[in-house]
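Structure record follows, encoded as structure tokens.
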Amino acid sequence: MDDESGGAIWEFAPFRQLLAAGRIGPALALVRKAMGLSQADFGELLHWDRAHTGRVERGDVATVFDVRELRRIADALGIPRLALLPLLLEPDDARSIETGGREGADNVDRRQFGLTAALASTGTAAWTTPIQVKPAHLAYVRTLNEQLWVHDNLHGGGGIARRAHRQYRFVRRLVENGTYSLSVGLELTSAVGWLSNTVAWLARDCGRPQFARQQLMESVLLAEQSRDFILLAATVGDLANLAAAVSTTNLEPVRLAQRSTELVRSVSSVRLNALKAAEESTAYAAVGDLREFERALTRVDRECDRGLDSGDDPAWLNHVTEAELRVHEARGRKLLGQHSQAANLFRESINRPATLPRDEASYRTYYAASLTGLGDTTTAITAAHTALDLLESQVNSPRLLCELRPIRRVAARIRTAEAEHFAQRFDALTQAA
């Protein structure tokens, strides 16, 4: 559930093992490939030409062992300087960095300890000189965001949220401290804004809605600065979803959802318009407005009748399927107290084809939780077991675990083998998380 596609490559064993063996070039090649960059683009980040990059990766250049050059490379790539520690340790001790333990520290002699302390004290300090932002930086940010999206769709955000935020903080420094033309600056700010939006979702999936809200507010600022009104609409819509997570008399979710719709009124994308209508329906349900809820759903149906498939839609809209739109409706009906209809819609979404693992885990969790609203505790526990099957294997989502907590409370009062088994599985997974 926490593989290398979703985190920083320098946090994984292959990178550390190469450094511990003194093979800096191949280690940098791993970083380049993880960023999805060519040797030419990677060289741009480090002010090398393509030929020099190739020589470094083959190990033909010794200057990269210079401490000052290593620090410059680490800072330019956003690699924490502490990640270079395996260079200072014996090869067998590279594993101690992975586990966070102190084993092997006694093998560092006085000179090595001095260098280690210097690296640790500087950490990821600000660049001493501004970095000239180039197309390779833009490619890096976009590739990173795409990798995080893919990982989230397959495995959820629980295993990568903190890493994603650390990487976001690095690229945010490019906006604040880099030097670039107006056109490059607009592209960079937009790309970083989309990354901030992704980090916000990952935080929410970790059960940290307040942090997600703060991250979304950063996305709003970056969207305004970059004049990216699609990003602004997506972010305001996400803020509406956060506000509509619970029933409320505050009209904030409605105002946000309406503003999100206004921002994309001129965009012809069926998926985008369907999503905005679905977000409005949930917002109206959160404030108890049944009439406007039903009217918004009519707009969703109208868009679905036009067909959701379009090759022109950006990748972030791929999750907008009919199953996902029906889940918006189900969430709204649950907020309005229509638990039977909500449960039926959640169940139907589970059975739709081509559902991604994280979405399937969500739908199964929502279905199980909705059954508790109907008082059908036996079926709820049975359904919750199928959700745990995914949460134990493929998907890491503390948010979904929280959704199952009411079923755990019910299971504590039922003396059946299935209820006790669910309680044991839930408790073990919660402790692990």
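Chain lettering (A, B, ...) mirrors the order of the structure tokens, residue numbering begins at 1 for each chain separately, and ligand numbering begins at 1 in order of display.
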Give the helix (DSSP H, G or I) residues of stretch 335-385 of chain A, as assigned by DSSP on the backbone, as a compact mmCIF listing (two decimals) with all heavy atoms, in the first residue's frame.
# COMPACT_ATOMS: atom_id res chain seq x y z
N LEU A 335 -27.47 12.46 4.10
CA LEU A 335 -27.54 13.69 4.89
C LEU A 335 -28.98 14.13 5.12
O LEU A 335 -29.30 14.73 6.15
CB LEU A 335 -26.76 14.81 4.18
CG LEU A 335 -25.23 14.71 4.19
CD1 LEU A 335 -24.61 15.70 3.21
CD2 LEU A 335 -24.70 14.94 5.60
N HIS A 339 -32.06 7.05 4.27
CA HIS A 339 -31.04 6.01 4.40
C HIS A 339 -31.27 4.82 3.47
O HIS A 339 -30.30 4.24 2.95
CB HIS A 339 -30.97 5.53 5.85
CG HIS A 339 -30.52 6.59 6.80
ND1 HIS A 339 -29.24 7.09 6.82
CD2 HIS A 339 -31.21 7.27 7.76
CE1 HIS A 339 -29.14 8.01 7.75
NE2 HIS A 339 -30.31 8.15 8.34
N SER A 340 -32.51 4.44 3.23
CA SER A 340 -32.78 3.30 2.36
C SER A 340 -32.34 3.60 0.93
O SER A 340 -31.67 2.77 0.28
CB SER A 340 -34.28 2.98 2.39
OG SER A 340 -34.56 1.89 1.53
N GLN A 341 -32.68 4.78 0.42
CA GLN A 341 -32.26 5.15 -0.93
C GLN A 341 -30.75 5.29 -1.02
O GLN A 341 -30.13 4.91 -2.02
CB GLN A 341 -32.94 6.47 -1.33
CG GLN A 341 -34.44 6.35 -1.55
CD GLN A 341 -35.10 7.71 -1.68
OE1 GLN A 341 -35.45 8.32 -0.68
NE2 GLN A 341 -35.27 8.16 -2.91
N ALA A 342 -30.13 5.85 0.03
CA ALA A 342 -28.68 5.99 0.05
C ALA A 342 -28.00 4.63 -0.02
O ALA A 342 -27.05 4.42 -0.80
CB ALA A 342 -28.23 6.74 1.31
N ALA A 343 -28.49 3.68 0.77
CA ALA A 343 -27.89 2.34 0.78
C ALA A 343 -27.99 1.68 -0.59
O ALA A 343 -27.05 1.04 -1.06
CB ALA A 343 -28.56 1.48 1.85
N ASN A 344 -29.15 1.83 -1.25
CA ASN A 344 -29.33 1.23 -2.57
C ASN A 344 -28.35 1.83 -3.58
O ASN A 344 -27.77 1.11 -4.41
CB ASN A 344 -30.77 1.44 -3.05
CG ASN A 344 -31.75 0.57 -2.29
OD1 ASN A 344 -31.39 -0.47 -1.74
ND2 ASN A 344 -33.00 1.00 -2.24
N LEU A 345 -28.16 3.15 -3.52
CA LEU A 345 -27.24 3.81 -4.46
C LEU A 345 -25.80 3.40 -4.20
O LEU A 345 -25.03 3.18 -5.15
CB LEU A 345 -27.39 5.33 -4.34
CG LEU A 345 -28.67 5.92 -4.93
CD1 LEU A 345 -28.87 7.35 -4.46
CD2 LEU A 345 -28.62 5.86 -6.45
N PHE A 346 -25.42 3.30 -2.95
CA PHE A 346 -24.06 2.85 -2.63
C PHE A 346 -23.84 1.42 -3.13
O PHE A 346 -22.78 1.11 -3.69
CB PHE A 346 -23.81 2.91 -1.11
CG PHE A 346 -23.59 4.29 -0.58
CD1 PHE A 346 -24.24 4.71 0.58
CD2 PHE A 346 -22.73 5.18 -1.20
CE1 PHE A 346 -24.02 5.98 1.10
CE2 PHE A 346 -22.51 6.45 -0.70
CZ PHE A 346 -23.17 6.85 0.47
N ARG A 347 -24.84 0.56 -2.94
CA ARG A 347 -24.71 -0.83 -3.39
C ARG A 347 -24.58 -0.89 -4.91
O ARG A 347 -23.78 -1.67 -5.45
CB ARG A 347 -25.91 -1.65 -2.92
CG ARG A 347 -25.77 -3.15 -3.26
CD ARG A 347 -26.95 -3.97 -2.79
NE ARG A 347 -28.18 -3.57 -3.43
CZ ARG A 347 -29.19 -2.96 -2.82
NH1 ARG A 347 -29.09 -2.68 -1.52
NH2 ARG A 347 -30.28 -2.62 -3.48
N GLU A 348 -25.36 -0.09 -5.61
CA GLU A 348 -25.29 -0.08 -7.07
C GLU A 348 -23.91 0.38 -7.55
O GLU A 348 -23.39 -0.14 -8.55
CB GLU A 348 -26.36 0.85 -7.63
CG GLU A 348 -27.78 0.31 -7.49
CD GLU A 348 -28.82 1.34 -7.89
OE1 GLU A 348 -28.42 2.40 -8.42
OE2 GLU A 348 -30.02 1.09 -7.67
N SER A 349 -23.31 1.34 -6.87
CA SER A 349 -21.99 1.83 -7.27
C SER A 349 -20.93 0.76 -7.12
O SER A 349 -19.99 0.67 -7.92
CB SER A 349 -21.62 3.07 -6.45
OG SER A 349 -22.45 4.16 -6.78
N ILE A 350 -21.07 -0.08 -6.10
CA ILE A 350 -20.11 -1.17 -5.89
C ILE A 350 -20.09 -2.11 -7.10
O ILE A 350 -19.03 -2.57 -7.53
CB ILE A 350 -20.48 -1.98 -4.62
CG1 ILE A 350 -20.26 -1.13 -3.37
CG2 ILE A 350 -19.64 -3.26 -4.54
CD1 ILE A 350 -20.78 -1.78 -2.11
N PRO A 357 -9.46 0.59 -7.23
CA PRO A 357 -9.45 0.00 -5.88
C PRO A 357 -9.84 0.97 -4.77
O PRO A 357 -10.63 0.63 -3.89
CB PRO A 357 -7.99 -0.47 -5.72
CG PRO A 357 -7.55 -0.76 -7.11
CD PRO A 357 -8.22 0.27 -7.97
N ARG A 358 -9.29 2.21 -4.80
CA ARG A 358 -9.64 3.14 -3.73
C ARG A 358 -11.11 3.51 -3.77
O ARG A 358 -11.77 3.62 -2.74
CB ARG A 358 -8.76 4.39 -3.81
CG ARG A 358 -8.83 5.25 -2.55
CD ARG A 358 -9.64 6.50 -2.75
NE ARG A 358 -9.03 7.37 -3.73
CZ ARG A 358 -9.74 8.19 -4.51
NH1 ARG A 358 -11.05 8.22 -4.44
NH2 ARG A 358 -9.13 8.97 -5.37
N ASP A 359 -11.66 3.67 -4.98
CA ASP A 359 -13.09 3.99 -5.09
C ASP A 359 -13.94 2.81 -4.62
O ASP A 359 -14.95 3.00 -3.94
CB ASP A 359 -13.43 4.35 -6.54
CG ASP A 359 -12.88 5.70 -6.95
OD1 ASP A 359 -12.61 6.51 -6.05
OD2 ASP A 359 -12.69 5.93 -8.16
N GLU A 360 -13.54 1.59 -4.99
CA GLU A 360 -14.31 0.42 -4.54
C GLU A 360 -14.30 0.32 -3.02
O GLU A 360 -15.35 0.04 -2.41
CB GLU A 360 -13.75 -0.86 -5.15
CG GLU A 360 -14.56 -2.09 -4.75
CD GLU A 360 -14.00 -3.39 -5.29
OE1 GLU A 360 -13.08 -3.35 -6.12
OE2 GLU A 360 -14.50 -4.46 -4.86
N ALA A 361 -13.14 0.57 -2.41
CA ALA A 361 -13.07 0.55 -0.95
C ALA A 361 -13.99 1.61 -0.35
O ALA A 361 -14.66 1.38 0.66
CB ALA A 361 -11.63 0.79 -0.49
N SER A 362 -14.04 2.79 -1.00
CA SER A 362 -14.91 3.86 -0.52
C SER A 362 -16.37 3.44 -0.61
O SER A 362 -17.14 3.59 0.36
CB SER A 362 -14.69 5.13 -1.34
OG SER A 362 -13.37 5.61 -1.20
N TYR A 363 -16.77 2.91 -1.76
CA TYR A 363 -18.17 2.56 -1.96
C TYR A 363 -18.61 1.45 -1.00
O TYR A 363 -19.72 1.49 -0.45
CB TYR A 363 -18.42 2.12 -3.41
CG TYR A 363 -18.03 3.14 -4.45
CD1 TYR A 363 -17.81 2.77 -5.78
CD2 TYR A 363 -17.86 4.49 -4.12
CE1 TYR A 363 -17.45 3.71 -6.75
CE2 TYR A 363 -17.49 5.42 -5.08
CZ TYR A 363 -17.28 5.03 -6.38
OH TYR A 363 -16.91 5.96 -7.32
N ARG A 364 -17.73 0.47 -0.81
CA ARG A 364 -18.07 -0.62 0.12
C ARG A 364 -18.18 -0.09 1.56
O ARG A 364 -19.05 -0.52 2.32
CB ARG A 364 -17.04 -1.74 0.03
CG ARG A 364 -17.09 -2.51 -1.27
CD ARG A 364 -16.18 -3.73 -1.28
NE ARG A 364 -16.28 -4.44 -2.54
CZ ARG A 364 -17.25 -5.29 -2.87
NH1 ARG A 364 -18.21 -5.54 -1.99
NH2 ARG A 364 -17.25 -5.89 -4.04
N THR A 365 -17.30 0.83 1.90
CA THR A 365 -17.36 1.42 3.25
C THR A 365 -18.63 2.23 3.43
O THR A 365 -19.32 2.11 4.46
CB THR A 365 -16.13 2.31 3.47
OG1 THR A 365 -14.94 1.52 3.41
CG2 THR A 365 -16.20 3.01 4.82
N TYR A 366 -18.96 3.07 2.44
CA TYR A 366 -20.16 3.90 2.53
C TYR A 366 -21.41 3.02 2.62
O TYR A 366 -22.36 3.33 3.36
CB TYR A 366 -20.28 4.82 1.31
CG TYR A 366 -19.15 5.81 1.16
CD1 TYR A 366 -18.81 6.30 -0.11
CD2 TYR A 366 -18.41 6.26 2.25
CE1 TYR A 366 -17.79 7.23 -0.27
CE2 TYR A 366 -17.38 7.17 2.08
CZ TYR A 366 -17.08 7.65 0.82
OH TYR A 366 -16.06 8.55 0.65
N TYR A 367 -21.43 1.95 1.84
CA TYR A 367 -22.59 1.06 1.85
C TYR A 367 -22.77 0.44 3.24
O TYR A 367 -23.87 0.44 3.81
CB TYR A 367 -22.43 -0.03 0.80
CG TYR A 367 -23.50 -1.10 0.84
CD1 TYR A 367 -24.85 -0.76 0.75
CD2 TYR A 367 -23.15 -2.44 0.97
CE1 TYR A 367 -25.84 -1.74 0.78
CE2 TYR A 367 -24.13 -3.43 1.00
CZ TYR A 367 -25.47 -3.07 0.91
OH TYR A 367 -26.45 -4.03 0.95
N ALA A 368 -21.69 -0.07 3.80
CA ALA A 368 -21.77 -0.69 5.13
C ALA A 368 -22.23 0.33 6.17
O ALA A 368 -23.10 0.03 7.00
CB ALA A 368 -20.41 -1.26 5.51
N ALA A 369 -21.67 1.54 6.11
CA ALA A 369 -22.04 2.57 7.08
C ALA A 369 -23.50 2.98 6.93
O ALA A 369 -24.19 3.25 7.93
CB ALA A 369 -21.13 3.78 6.93
N SER A 370 -23.99 3.04 5.67
CA SER A 370 -25.38 3.45 5.46
C SER A 370 -26.37 2.44 6.03
O SER A 370 -27.48 2.81 6.45
CB SER A 370 -25.65 3.66 3.97
OG SER A 370 -25.62 2.43 3.26
N LEU A 371 -25.99 1.17 6.07
CA LEU A 371 -26.87 0.15 6.61
C LEU A 371 -27.10 0.32 8.11
O LEU A 371 -28.15 -0.06 8.62
CB LEU A 371 -26.30 -1.25 6.33
CG LEU A 371 -26.30 -1.68 4.86
CD1 LEU A 371 -25.51 -2.97 4.68
CD2 LEU A 371 -27.74 -1.84 4.34
N THR A 372 -26.11 0.91 8.79
CA THR A 372 -26.32 1.16 10.22
C THR A 372 -27.41 2.20 10.42
O THR A 372 -28.11 2.18 11.44
CB THR A 372 -25.02 1.66 10.89
OG1 THR A 372 -24.59 2.87 10.27
CG2 THR A 372 -23.91 0.62 10.77
N GLY A 373 -27.56 3.14 9.47
CA GLY A 373 -28.64 4.11 9.55
C GLY A 373 -30.01 3.47 9.41
O GLY A 373 -31.01 4.04 9.86
N THR A 377 -27.91 -4.09 11.32
CA THR A 377 -26.54 -4.26 11.81
C THR A 377 -25.88 -5.54 11.29
O THR A 377 -24.68 -5.55 11.02
CB THR A 377 -26.54 -4.27 13.35
OG1 THR A 377 -27.44 -5.29 13.82
CG2 THR A 377 -26.99 -2.93 13.89
N THR A 378 -26.65 -6.59 11.13
CA THR A 378 -26.06 -7.86 10.66
C THR A 378 -25.50 -7.71 9.25
O THR A 378 -24.35 -8.09 8.97
CB THR A 378 -27.11 -8.98 10.68
OG1 THR A 378 -27.61 -9.14 12.02
CG2 THR A 378 -26.51 -10.29 10.19
N THR A 379 -26.31 -7.13 8.35
CA THR A 379 -25.84 -6.92 6.98
C THR A 379 -24.72 -5.89 6.94
O THR A 379 -23.80 -6.00 6.12
CB THR A 379 -27.00 -6.46 6.08
OG1 THR A 379 -28.10 -7.34 6.24
CG2 THR A 379 -26.59 -6.45 4.62
N ALA A 380 -24.80 -4.89 7.82
CA ALA A 380 -23.76 -3.86 7.87
C ALA A 380 -22.40 -4.48 8.21
O ALA A 380 -21.38 -4.13 7.60
CB ALA A 380 -24.12 -2.79 8.89
N ILE A 381 -22.37 -5.39 9.16
CA ILE A 381 -21.11 -6.02 9.56
C ILE A 381 -20.59 -6.90 8.43
O ILE A 381 -19.38 -6.92 8.13
CB ILE A 381 -21.31 -6.83 10.86
CG1 ILE A 381 -21.53 -5.87 12.03
CG2 ILE A 381 -20.10 -7.73 11.12
CD1 ILE A 381 -21.91 -6.55 13.33
N THR A 382 -21.49 -7.62 7.77
CA THR A 382 -21.07 -8.45 6.63
C THR A 382 -20.46 -7.59 5.53
O THR A 382 -19.41 -7.92 4.96
CB THR A 382 -22.27 -9.23 6.07
OG1 THR A 382 -22.81 -10.07 7.10
CG2 THR A 382 -21.85 -10.10 4.89
N ALA A 383 -21.11 -6.47 5.21
CA ALA A 383 -20.59 -5.56 4.18
C ALA A 383 -19.29 -4.92 4.62
O ALA A 383 -18.38 -4.71 3.80
CB ALA A 383 -21.63 -4.48 3.88
N ALA A 384 -19.17 -4.61 5.90
CA ALA A 384 -17.95 -3.99 6.41
C ALA A 384 -16.75 -4.92 6.27
O ALA A 384 -15.62 -4.47 6.06
CB ALA A 384 -18.13 -3.57 7.86
N HIS A 385 -16.98 -6.22 6.37
CA HIS A 385 -15.88 -7.18 6.17
C HIS A 385 -15.31 -7.05 4.76
O HIS A 385 -14.09 -7.15 4.56
CB HIS A 385 -16.38 -8.60 6.40
CG HIS A 385 -16.32 -9.05 7.83
ND1 HIS A 385 -15.13 -9.25 8.50
CD2 HIS A 385 -17.30 -9.31 8.72
CE1 HIS A 385 -15.37 -9.65 9.74
NE2 HIS A 385 -16.68 -9.69 9.90
Exercise for the section: Identify, on the basis of only C-alpha atoms, every residue whose closest approach to A:Glu218 does not exceed 10 Å; exclude the query and any residue fewer than 6 positions from it along the same chain; express the result as a ChimeraX atom specification. Expected result: /A:192-193,196-197,200,212,224,235
Selected residues written out, C-alpha atoms, as a PDB file, in the first residue's frame:
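result-v8.pdb written:
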ATOM      1  CA  VAL A 192       2.264  23.797  -7.980  1.00  0.00           C
ATOM      2  CA  GLY A 193      -1.359  24.781  -7.313  1.00  0.00           C
ATOM      3  CA  SER A 196      -1.303  21.519  -3.539  1.00  0.00           C
ATOM      4  CA  ASN A 197      -4.820  20.389  -4.437  1.00  0.00           C
ATOM      5  CA  ALA A 200      -5.067  18.391   0.227  1.00  0.00           C
ATOM      6  CA  ALA A 212      -6.694  19.646   3.923  1.00  0.00           C
ATOM      7  CA  GLU A 224      -5.566  33.210  -8.538  1.00  0.00           C
ATOM      8  CA  THR A 235     -10.374  23.733  -5.448  1.00  0.00           C
TER       9      THR A 235
END
Exercise for the section: For stretch 34-47 of chain A, work out the shell of residues within 12 Å, counting only C-alpha atoms and skipping chain neighbours fewer than 6 positions away, then give it as a PyMOL selection string. Expected result: chain A and resi 4-12+15+27-28+53-57+64+69-78+131-148+167+174+178
Handout entry: Neighbour list for A:Phe426 as a ChimeraX atom specification, cut-off 12 Å, only C-alpha atoms, skip fewer than 2 positions in-chain
Key = /A:381,384-389,391-392,398,400-409,411-412,419-424,428-433
Output the selection as a compact mmCIF listing (two decimals), in the first residue's frame - N, CA and C atoms for each residue.
# COMPACT_ATOMS: atom_id res chain seq x y z
N ILE A 381 -22.37 -5.39 9.16
CA ILE A 381 -21.11 -6.02 9.56
C ILE A 381 -20.59 -6.90 8.43
N ALA A 384 -19.17 -4.61 5.90
CA ALA A 384 -17.95 -3.99 6.41
C ALA A 384 -16.75 -4.92 6.27
N HIS A 385 -16.98 -6.22 6.37
CA HIS A 385 -15.88 -7.18 6.17
C HIS A 385 -15.31 -7.05 4.76
N THR A 386 -16.17 -6.83 3.76
CA THR A 386 -15.66 -6.72 2.38
C THR A 386 -14.86 -5.43 2.20
N ALA A 387 -15.23 -4.40 2.94
CA ALA A 387 -14.43 -3.17 2.90
C ALA A 387 -13.07 -3.40 3.54
N LEU A 388 -13.05 -4.12 4.65
CA LEU A 388 -11.77 -4.40 5.33
C LEU A 388 -10.85 -5.25 4.46
N ASP A 389 -11.43 -6.11 3.62
CA ASP A 389 -10.59 -6.91 2.72
C ASP A 389 -9.68 -6.01 1.89
N LEU A 391 -9.02 -2.68 2.64
CA LEU A 391 -8.24 -1.81 3.52
C LEU A 391 -7.07 -2.55 4.16
N GLU A 392 -7.15 -3.86 4.22
CA GLU A 392 -6.04 -4.65 4.75
C GLU A 392 -5.01 -4.98 3.69
N PRO A 398 -7.12 6.08 6.34
CA PRO A 398 -7.67 6.31 7.68
C PRO A 398 -9.07 6.94 7.65
N LEU A 400 -11.51 6.22 5.61
CA LEU A 400 -12.50 5.16 5.47
C LEU A 400 -12.61 4.34 6.76
N LEU A 401 -11.51 4.17 7.46
CA LEU A 401 -11.59 3.49 8.75
C LEU A 401 -12.51 4.25 9.70
N CYS A 402 -12.40 5.57 9.70
CA CYS A 402 -13.27 6.39 10.56
C CYS A 402 -14.74 6.19 10.18
N GLU A 403 -15.01 6.03 8.88
CA GLU A 403 -16.40 5.80 8.44
C GLU A 403 -16.95 4.50 9.01
N LEU A 404 -16.06 3.53 9.27
CA LEU A 404 -16.50 2.23 9.78
C LEU A 404 -16.61 2.19 11.30
N ARG A 405 -16.20 3.25 11.97
CA ARG A 405 -16.19 3.25 13.44
C ARG A 405 -17.57 3.01 14.06
N PRO A 406 -18.66 3.61 13.51
CA PRO A 406 -19.97 3.31 14.09
C PRO A 406 -20.32 1.82 14.05
N ILE A 407 -19.86 1.13 13.01
CA ILE A 407 -20.11 -0.31 12.94
C ILE A 407 -19.32 -1.04 14.01
N ARG A 408 -18.12 -0.53 14.29
CA ARG A 408 -17.32 -1.13 15.37
C ARG A 408 -18.04 -1.00 16.71
N ARG A 409 -18.70 0.14 16.94
CA ARG A 409 -19.43 0.31 18.20
C ARG A 409 -20.62 -0.65 18.27
N ALA A 411 -20.74 -3.55 16.73
CA ALA A 411 -20.19 -4.91 16.88
C ALA A 411 -19.85 -5.22 18.34
N ALA A 412 -19.52 -4.20 19.12
CA ALA A 412 -19.18 -4.42 20.53
C ALA A 412 -20.40 -4.88 21.33
N ALA A 419 -19.37 -10.60 14.29
CA ALA A 419 -19.17 -9.28 14.89
C ALA A 419 -17.83 -9.22 15.62
N GLU A 420 -17.51 -10.28 16.35
CA GLU A 420 -16.24 -10.30 17.08
C GLU A 420 -15.05 -10.32 16.11
N HIS A 421 -15.20 -11.05 15.01
CA HIS A 421 -14.14 -11.09 14.00
C HIS A 421 -13.93 -9.71 13.37
N PHE A 422 -15.04 -9.04 13.07
CA PHE A 422 -14.92 -7.68 12.52
C PHE A 422 -14.22 -6.76 13.51
N ALA A 423 -14.60 -6.84 14.77
CA ALA A 423 -13.98 -5.98 15.78
C ALA A 423 -12.48 -6.21 15.86
N GLN A 424 -12.08 -7.47 15.79
CA GLN A 424 -10.65 -7.80 15.85
C GLN A 424 -9.92 -7.24 14.63
N ALA A 428 -7.12 -4.18 14.80
CA ALA A 428 -5.75 -4.43 14.34
C ALA A 428 -5.37 -3.43 13.26
N LEU A 429 -6.29 -3.15 12.35
CA LEU A 429 -6.00 -2.21 11.26
C LEU A 429 -5.86 -0.78 11.80
N THR A 430 -6.69 -0.42 12.76
CA THR A 430 -6.60 0.91 13.36
C THR A 430 -5.28 1.08 14.09
N GLN A 431 -4.86 0.07 14.81
CA GLN A 431 -3.59 0.14 15.53
C GLN A 431 -2.42 0.27 14.55
N ALA A 432 -2.48 -0.47 13.46
CA ALA A 432 -1.42 -0.40 12.46
C ALA A 432 -1.38 0.99 11.82
N ALA A 433 -2.55 1.55 11.56
CA ALA A 433 -2.61 2.87 10.94
C ALA A 433 -2.07 3.95 11.87
Exercise for the section: Find the spatial neighbours of A:Gly307, counting only C-alpha atoms, within a cut-off of 10 Å - ignore same-chain residues fewer than 2 positions away - and output them as a PyMOL selection string. Expected result: chain A and resi 270-271+302-305+309-310+322
Practice task
Determine the nearest neighbour of A:Arg58 from the options A:Ala29, A:Ala21, A:Ala203, A:Val287, counting only C-alpha atoms.
Solution key: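 So, comparing all the options, the nearest one is A:Ala29.
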Practice task
Find the residues around stretch 252-255 of chain A up to 7 Å (only C-alpha atoms counted), leave out those fewer than 5 positions away in its own chain, and share them as a PyMOL selection string.
Solution key: chain A and resi 240+243-244+280+283-284
Write the residues of the preceding selection, restricted to N, CA and C atoms, as a PDB file, in the first residue's frame.
ATOM      1  N   ALA A 240     -16.141  23.011  -0.976  1.00  0.00           N
ATOM      2  CA  ALA A 240     -17.574  22.776  -0.781  1.00  0.00           C
ATOM      3  C   ALA A 240     -17.819  21.366  -0.251  1.00  0.00           C
ATOM      4  N   ALA A 243     -16.981  21.228   3.384  1.00  0.00           N
ATOM      5  CA  ALA A 243     -17.996  21.904   4.190  1.00  0.00           C
ATOM      6  C   ALA A 243     -19.289  21.103   4.268  1.00  0.00           C
ATOM      7  N   ALA A 244     -19.553  20.293   3.242  1.00  0.00           N
ATOM      8  CA  ALA A 244     -20.793  19.516   3.190  1.00  0.00           C
ATOM      9  C   ALA A 244     -20.651  18.133   3.807  1.00  0.00           C
ATOM     10  N   GLU A 280     -23.073  20.506  -6.106  1.00  0.00           N
ATOM     11  CA  GLU A 280     -24.152  21.379  -5.632  1.00  0.00           C
ATOM     12  C   GLU A 280     -25.240  20.559  -4.937  1.00  0.00           C
ATOM     13  N   ALA A 283     -24.169  19.778  -1.494  1.00  0.00           N
ATOM     14  CA  ALA A 283     -24.177  20.992  -0.679  1.00  0.00           C
ATOM     15  C   ALA A 283     -25.590  21.341  -0.228  1.00  0.00           C
ATOM     16  N   TYR A 284     -26.568  21.243  -1.146  1.00  0.00           N
ATOM     17  CA  TYR A 284     -27.951  21.530  -0.774  1.00  0.00           C
ATOM     18  C   TYR A 284     -28.463  20.529   0.258  1.00  0.00           C
TER      19      TYR A 284
END
Practice task
Rank nothing, just name the residue among A:Lys276, A:Val246, A:Gly25, A:Phe229 nearest to A:His52, using only C-alpha atoms.
Solution key: A:Gly25
Fill in the blank from the handout: Between atom CA of A:Ala164 and atom CA of A:Val199 lies a distance of 6.2 Å
Completion exercise
Between atom CA of A:Gly207 and atom CA of A:Leu317 lies a distance of 22.9 Å
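The two atoms in question, atom CA of A:Arg399 and atom CA of A:His155, are spaced 12.9 Å apart.
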Handout entry: Best match for closeness to A:Gly158 among A:Leu232, A:Ala285, A:Val395, A:Leu242, counting only C-alpha atoms
Key =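 Going through A:Leu232, A:Ala285, A:Val395, A:Leu242 one by one, the smallest distance to A:Gly158 is for A:Val395.
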